[in-house]
Amino acid sequence: MANEVSQKTIVARGAVPQAVTGEYAVVPARVDEDLTGSVLLGRYQILRPLGVGGMGTVYLCEHTTILKKFAVKVLSNELSQRPDHVDRFLREARASSMISHPNVVEITDFGQTPAGAPFFVMEYLDGEDLSDMLSRAGKVPWRQAKQMMLQICGALQAAHDQGI
């Protein structure tokens with residue numbers, strides 16, 4: 001499945017508008033702790049980082065009892081110091097967890113790291129990122145592009161139906 005684009009879309013990423021609630025002092029950037037090897041909530045063993053983005057890091061983890069793999073999105077230490085970013089992050093998790101659709105990643109749990117950074121646990125999808133696939137393959141045949149767009153539109157409709 002590594003050469004296939006995942007058939008799920010994280011609709012919540014950027015889908016929930018953020019209201020600016022005030023000004024905050026600039027917090028010096030700290031290097032985020034690598035959580036590899038740690039256990040969150042007593043049940044999610046962090047195996048390795050999957051990626052780093054503007055808001056934080058996504059890790060591959062395994063539930064210690066049922067041995068199922070999940071992805072854990074952890075807000076960066078720097079953004080964890082800003083209430084507006086913490087609120088936005090948690091609204092993303094809540095919004096996504098309200099959507100039940102085959103093309104939307106399921107959010108299953110949430111919590112805080114030992115350092116206090118919020119995180120949420122979501123369904124793990126083993127596949128290729130769309131942007132990586134486009135960089136590698138170049139143009140996508142219309143039939144394949146149409147299927148992807150229909151999946152994206154279905155996910156967006158499901159979000160819209162929930163008022164998101």
# chains A, B, ... in the order shown; residues from 1 in each chain; ligands from 1
>>> closest_atom_pairs(of="stretch 23-85 of chain A", to="stretch 90-100 of chain A", cutoff="10 Å", atoms="only C-alpha atoms", output="JSON lines")
{"residue": "A:Lys73", "atom": "CA", "partner": "A:Ala93", "partner_atom": "CA", "distance": 9.7}
{"residue": "A:Leu75", "atom": "CA", "partner": "A:Leu90", "partner_atom": "CA", "distance": 9.7}
{"residue": "A:His85", "atom": "CA", "partner": "A:Leu90", "partner_atom": "CA", "distance": 8.6}
>>> select_by_dssp(residues="chain A", states="helix (DSSP H, G or I)", output="PyMOL selection string")
chain A and resi 77-80+83-97+130-137+142-161
>>> write_last_selection(atoms="C-alpha atoms", output="compact mmCIF listing (two decimals), in the first residue's frame")
# COMPACT_ATOMS: atom_id res chain seq x y z
CA ASN A 77 6.09 23.10 22.92
CA GLU A 78 6.21 26.66 21.59
CA LEU A 79 2.56 26.69 20.48
CA SER A 80 1.51 24.87 23.66
CA PRO A 83 -3.81 29.61 24.65
CA ASP A 84 -5.13 30.57 21.22
CA HIS A 85 -3.13 27.79 19.54
CA VAL A 86 -4.07 25.22 22.18
CA ASP A 87 -7.73 26.12 21.67
CA ARG A 88 -7.39 25.86 17.88
CA PHE A 89 -5.66 22.48 18.19
CA LEU A 90 -8.38 21.09 20.47
CA ARG A 91 -11.13 22.49 18.22
CA GLU A 92 -9.49 20.64 15.31
CA ALA A 93 -9.68 17.38 17.27
CA ARG A 94 -13.29 17.98 18.36
CA ALA A 95 -14.40 18.96 14.87
CA SER A 96 -12.77 15.97 13.23
CA SER A 97 -14.14 13.58 15.86
CA LEU A 130 -0.75 13.15 -1.97
CA SER A 131 1.89 15.86 -2.39
CA ASP A 132 4.65 13.20 -2.39
CA MET A 133 2.74 11.17 -4.96
CA LEU A 134 2.30 14.21 -7.21
CA SER A 135 5.99 15.09 -6.90
CA ARG A 136 6.96 11.55 -7.83
CA ALA A 137 4.37 10.81 -10.52
CA TRP A 142 -8.10 12.14 -15.19
CA ARG A 143 -9.81 8.92 -13.99
CA GLN A 144 -7.56 8.79 -10.90
CA ALA A 145 -7.82 12.55 -10.25
CA LYS A 146 -11.62 12.33 -10.52
CA GLN A 147 -11.73 9.54 -7.91
CA MET A 148 -9.57 11.56 -5.52
CA MET A 149 -11.69 14.68 -5.98
CA LEU A 150 -14.90 12.73 -5.36
CA GLN A 151 -13.43 11.39 -2.11
CA ILE A 152 -12.34 14.87 -1.03
CA CYS A 153 -15.75 16.34 -1.89
CA GLY A 154 -17.48 13.56 0.05
CA ALA A 155 -15.34 14.29 3.10
CA LEU A 156 -15.98 18.02 2.82
CA GLN A 157 -19.72 17.38 2.49
CA ALA A 158 -19.64 15.25 5.65
CA ALA A 159 -17.88 18.10 7.47
CA HIS A 160 -20.40 20.60 6.11
CA ASP A 161 -23.27 18.37 7.25
>>> residues_around(residues="A:Gly111", least_positions_apart="2", cutoff="12 Å", atoms="only C-alpha atoms", output="VMD selection string")
chain A and resid 39 to 44 72 to 75 86 89 to 90 93 108 to 109 113 to 121
>>> atom_distance(atom1="atom CA of A:Met55", atom2="atom CA of A:Ser76")
5.9 Å
>>> select_by_dssp(residues="chain A", states="strand (DSSP E)", output="ChimeraX atom specification")
/A:39-40,44-52,56-63,69-75,107-112,118-123
>>> write_last_selection(atoms="N, CA and C atoms", output="mmCIF file, in the first residue's frame")
data_model
loop_
_atom_site.group_PDB
_atom_site.id
_atom_site.type_symbol
_atom_site.label_atom_id
_atom_site.label_comp_id
_atom_site.auth_asym_id
_atom_site.auth_seq_id
_atom_site.Cartn_x
_atom_site.Cartn_y
_atom_site.Cartn_z
ATOM 1 N N VAL A 39 5.431 6.424 26.731
ATOM 2 C CA VAL A 39 4.067 5.896 26.724
ATOM 3 C C VAL A 39 3.145 7.027 27.169
ATOM 4 N N LEU A 40 2.161 7.347 26.338
ATOM 5 C CA LEU A 40 1.202 8.396 26.667
ATOM 6 C C LEU A 40 -0.081 7.771 27.179
ATOM 7 N N TYR A 44 -0.347 4.284 25.001
ATOM 8 C CA TYR A 44 0.118 4.539 23.647
ATOM 9 C C TYR A 44 1.645 4.614 23.624
ATOM 10 N N GLN A 45 2.287 3.530 23.187
ATOM 11 C CA GLN A 45 3.749 3.458 23.096
ATOM 12 C C GLN A 45 4.180 4.182 21.822
ATOM 13 N N ILE A 46 4.949 5.255 21.956
ATOM 14 C CA ILE A 46 5.412 6.020 20.795
ATOM 15 C C ILE A 46 6.542 5.252 20.125
ATOM 16 N N LEU A 47 6.351 4.944 18.840
ATOM 17 C CA LEU A 47 7.331 4.144 18.103
ATOM 18 C C LEU A 47 8.338 5.000 17.328
ATOM 19 N N ARG A 48 7.828 6.012 16.602
ATOM 20 C CA ARG A 48 8.726 6.859 15.814
ATOM 21 C C ARG A 48 7.958 8.056 15.275
ATOM 22 N N PRO A 49 8.694 9.130 14.940
ATOM 23 C CA PRO A 49 8.025 10.273 14.305
ATOM 24 C C PRO A 49 7.625 9.915 12.871
ATOM 25 N N LEU A 50 6.456 10.397 12.464
ATOM 26 C CA LEU A 50 6.006 10.230 11.085
ATOM 27 C C LEU A 50 6.229 11.504 10.277
ATOM 28 N N GLY A 51 6.172 12.646 10.949
ATOM 29 C CA GLY A 51 6.348 13.913 10.252
ATOM 30 C C GLY A 51 6.280 15.084 11.207
ATOM 31 N N VAL A 52 6.835 16.189 10.753
ATOM 32 C CA VAL A 52 6.829 17.426 11.532
ATOM 33 C C VAL A 52 6.219 18.505 10.667
ATOM 34 N N GLY A 56 3.250 21.039 14.926
ATOM 35 C CA GLY A 56 3.821 20.048 15.827
ATOM 36 C C GLY A 56 4.313 18.819 15.104
ATOM 37 N N THR A 57 4.292 17.698 15.815
ATOM 38 C CA THR A 57 4.838 16.439 15.307
ATOM 39 C C THR A 57 3.768 15.366 15.353
ATOM 40 N N VAL A 58 3.767 14.509 14.335
ATOM 41 C CA VAL A 58 2.885 13.340 14.316
ATOM 42 C C VAL A 58 3.771 12.112 14.486
ATOM 43 N N TYR A 59 3.378 11.261 15.429
ATOM 44 C CA TYR A 59 4.131 10.046 15.735
ATOM 45 C C TYR A 59 3.300 8.808 15.410
ATOM 46 N N LEU A 60 3.988 7.738 15.082
ATOM 47 C CA LEU A 60 3.367 6.424 15.009
ATOM 48 C C LEU A 60 3.424 5.845 16.410
ATOM 49 N N CYS A 61 2.318 5.305 16.876
ATOM 50 C CA CYS A 61 2.311 4.668 18.195
ATOM 51 C C CYS A 61 1.539 3.363 18.115
ATOM 52 N N GLU A 62 1.658 2.587 19.187
ATOM 53 C CA GLU A 62 0.937 1.328 19.274
ATOM 54 C C GLU A 62 0.244 1.265 20.620
ATOM 55 N N HIS A 63 -1.023 0.892 20.610
ATOM 56 C CA HIS A 63 -1.764 0.701 21.856
ATOM 57 C C HIS A 63 -1.160 -0.510 22.559
ATOM 58 N N LYS A 69 -1.974 -0.019 15.818
ATOM 59 C CA LYS A 69 -1.198 1.192 15.534
ATOM 60 C C LYS A 69 -2.134 2.386 15.362
ATOM 61 N N PHE A 70 -1.677 3.533 15.876
ATOM 62 C CA PHE A 70 -2.380 4.798 15.767
ATOM 63 C C PHE A 70 -1.369 5.873 15.407
ATOM 64 N N ALA A 71 -1.859 7.046 15.053
ATOM 65 C CA ALA A 71 -1.021 8.223 14.883
ATOM 66 C C ALA A 71 -1.367 9.188 16.010
ATOM 67 N N VAL A 72 -0.356 9.842 16.556
ATOM 68 C CA VAL A 72 -0.548 10.809 17.630
ATOM 69 C C VAL A 72 -0.014 12.158 17.140
ATOM 70 N N LYS A 73 -0.874 13.154 17.138
ATOM 71 C CA LYS A 73 -0.470 14.514 16.749
ATOM 72 C C LYS A 73 -0.253 15.314 18.023
ATOM 73 N N VAL A 74 0.973 15.822 18.198
ATOM 74 C CA VAL A 74 1.356 16.553 19.406
ATOM 75 C C VAL A 74 1.635 18.007 19.039
ATOM 76 N N LEU A 75 0.983 18.928 19.728
ATOM 77 C CA LEU A 75 1.229 20.349 19.500
ATOM 78 C C LEU A 75 2.635 20.693 19.973
ATOM 79 N N ILE A 107 -10.675 10.437 15.001
ATOM 80 C CA ILE A 107 -9.978 10.838 16.226
ATOM 81 C C ILE A 107 -10.533 9.974 17.353
ATOM 82 N N THR A 108 -9.636 9.328 18.121
ATOM 83 C CA THR A 108 -10.107 8.372 19.122
ATOM 84 C C THR A 108 -9.797 8.749 20.569
ATOM 85 N N ASP A 109 -8.834 9.631 20.802
ATOM 86 C CA ASP A 109 -8.451 9.940 22.181
ATOM 87 C C ASP A 109 -7.683 11.254 22.197
ATOM 88 N N PHE A 110 -7.450 11.801 23.378
ATOM 89 C CA PHE A 110 -6.660 13.022 23.530
ATOM 90 C C PHE A 110 -6.055 13.057 24.922
ATOM 91 N N GLY A 111 -5.094 13.946 25.115
ATOM 92 C CA GLY A 111 -4.469 14.089 26.424
ATOM 93 C C GLY A 111 -3.352 15.105 26.375
ATOM 94 N N GLN A 112 -2.459 15.024 27.362
ATOM 95 C CA GLN A 112 -1.290 15.901 27.442
ATOM 96 C C GLN A 112 -0.046 15.060 27.641
ATOM 97 N N PRO A 118 -0.583 19.418 24.510
ATOM 98 C CA PRO A 118 -1.762 18.632 24.163
ATOM 99 C C PRO A 118 -1.498 17.740 22.951
ATOM 100 N N PHE A 119 -2.194 16.621 22.892
ATOM 101 C CA PHE A 119 -2.097 15.733 21.741
ATOM 102 C C PHE A 119 -3.441 15.079 21.516
ATOM 103 N N PHE A 120 -3.635 14.574 20.294
ATOM 104 C CA PHE A 120 -4.777 13.706 20.056
ATOM 105 C C PHE A 120 -4.335 12.490 19.275
ATOM 106 N N VAL A 121 -5.068 11.412 19.483
ATOM 107 C CA VAL A 121 -4.780 10.114 18.887
ATOM 108 C C VAL A 121 -5.768 9.902 17.756
ATOM 109 N N MET A 122 -5.257 9.470 16.617
ATOM 110 C CA MET A 122 -6.127 9.261 15.468
ATOM 111 C C MET A 122 -5.759 7.982 14.741
ATOM 112 N N GLU A 123 -6.662 7.576 13.918
ATOM 113 C CA GLU A 123 -6.482 6.412 13.066
ATOM 114 C C GLU A 123 -5.174 6.557 12.285
#
>>> atom_distance(atom1="atom CA of A:Asp34", atom2="atom CA of A:Gly53")
14.1 Å
>>> atom_distance(atom1="atom CA of A:His101", atom2="atom CA of A:Gln162")
11.1 Å
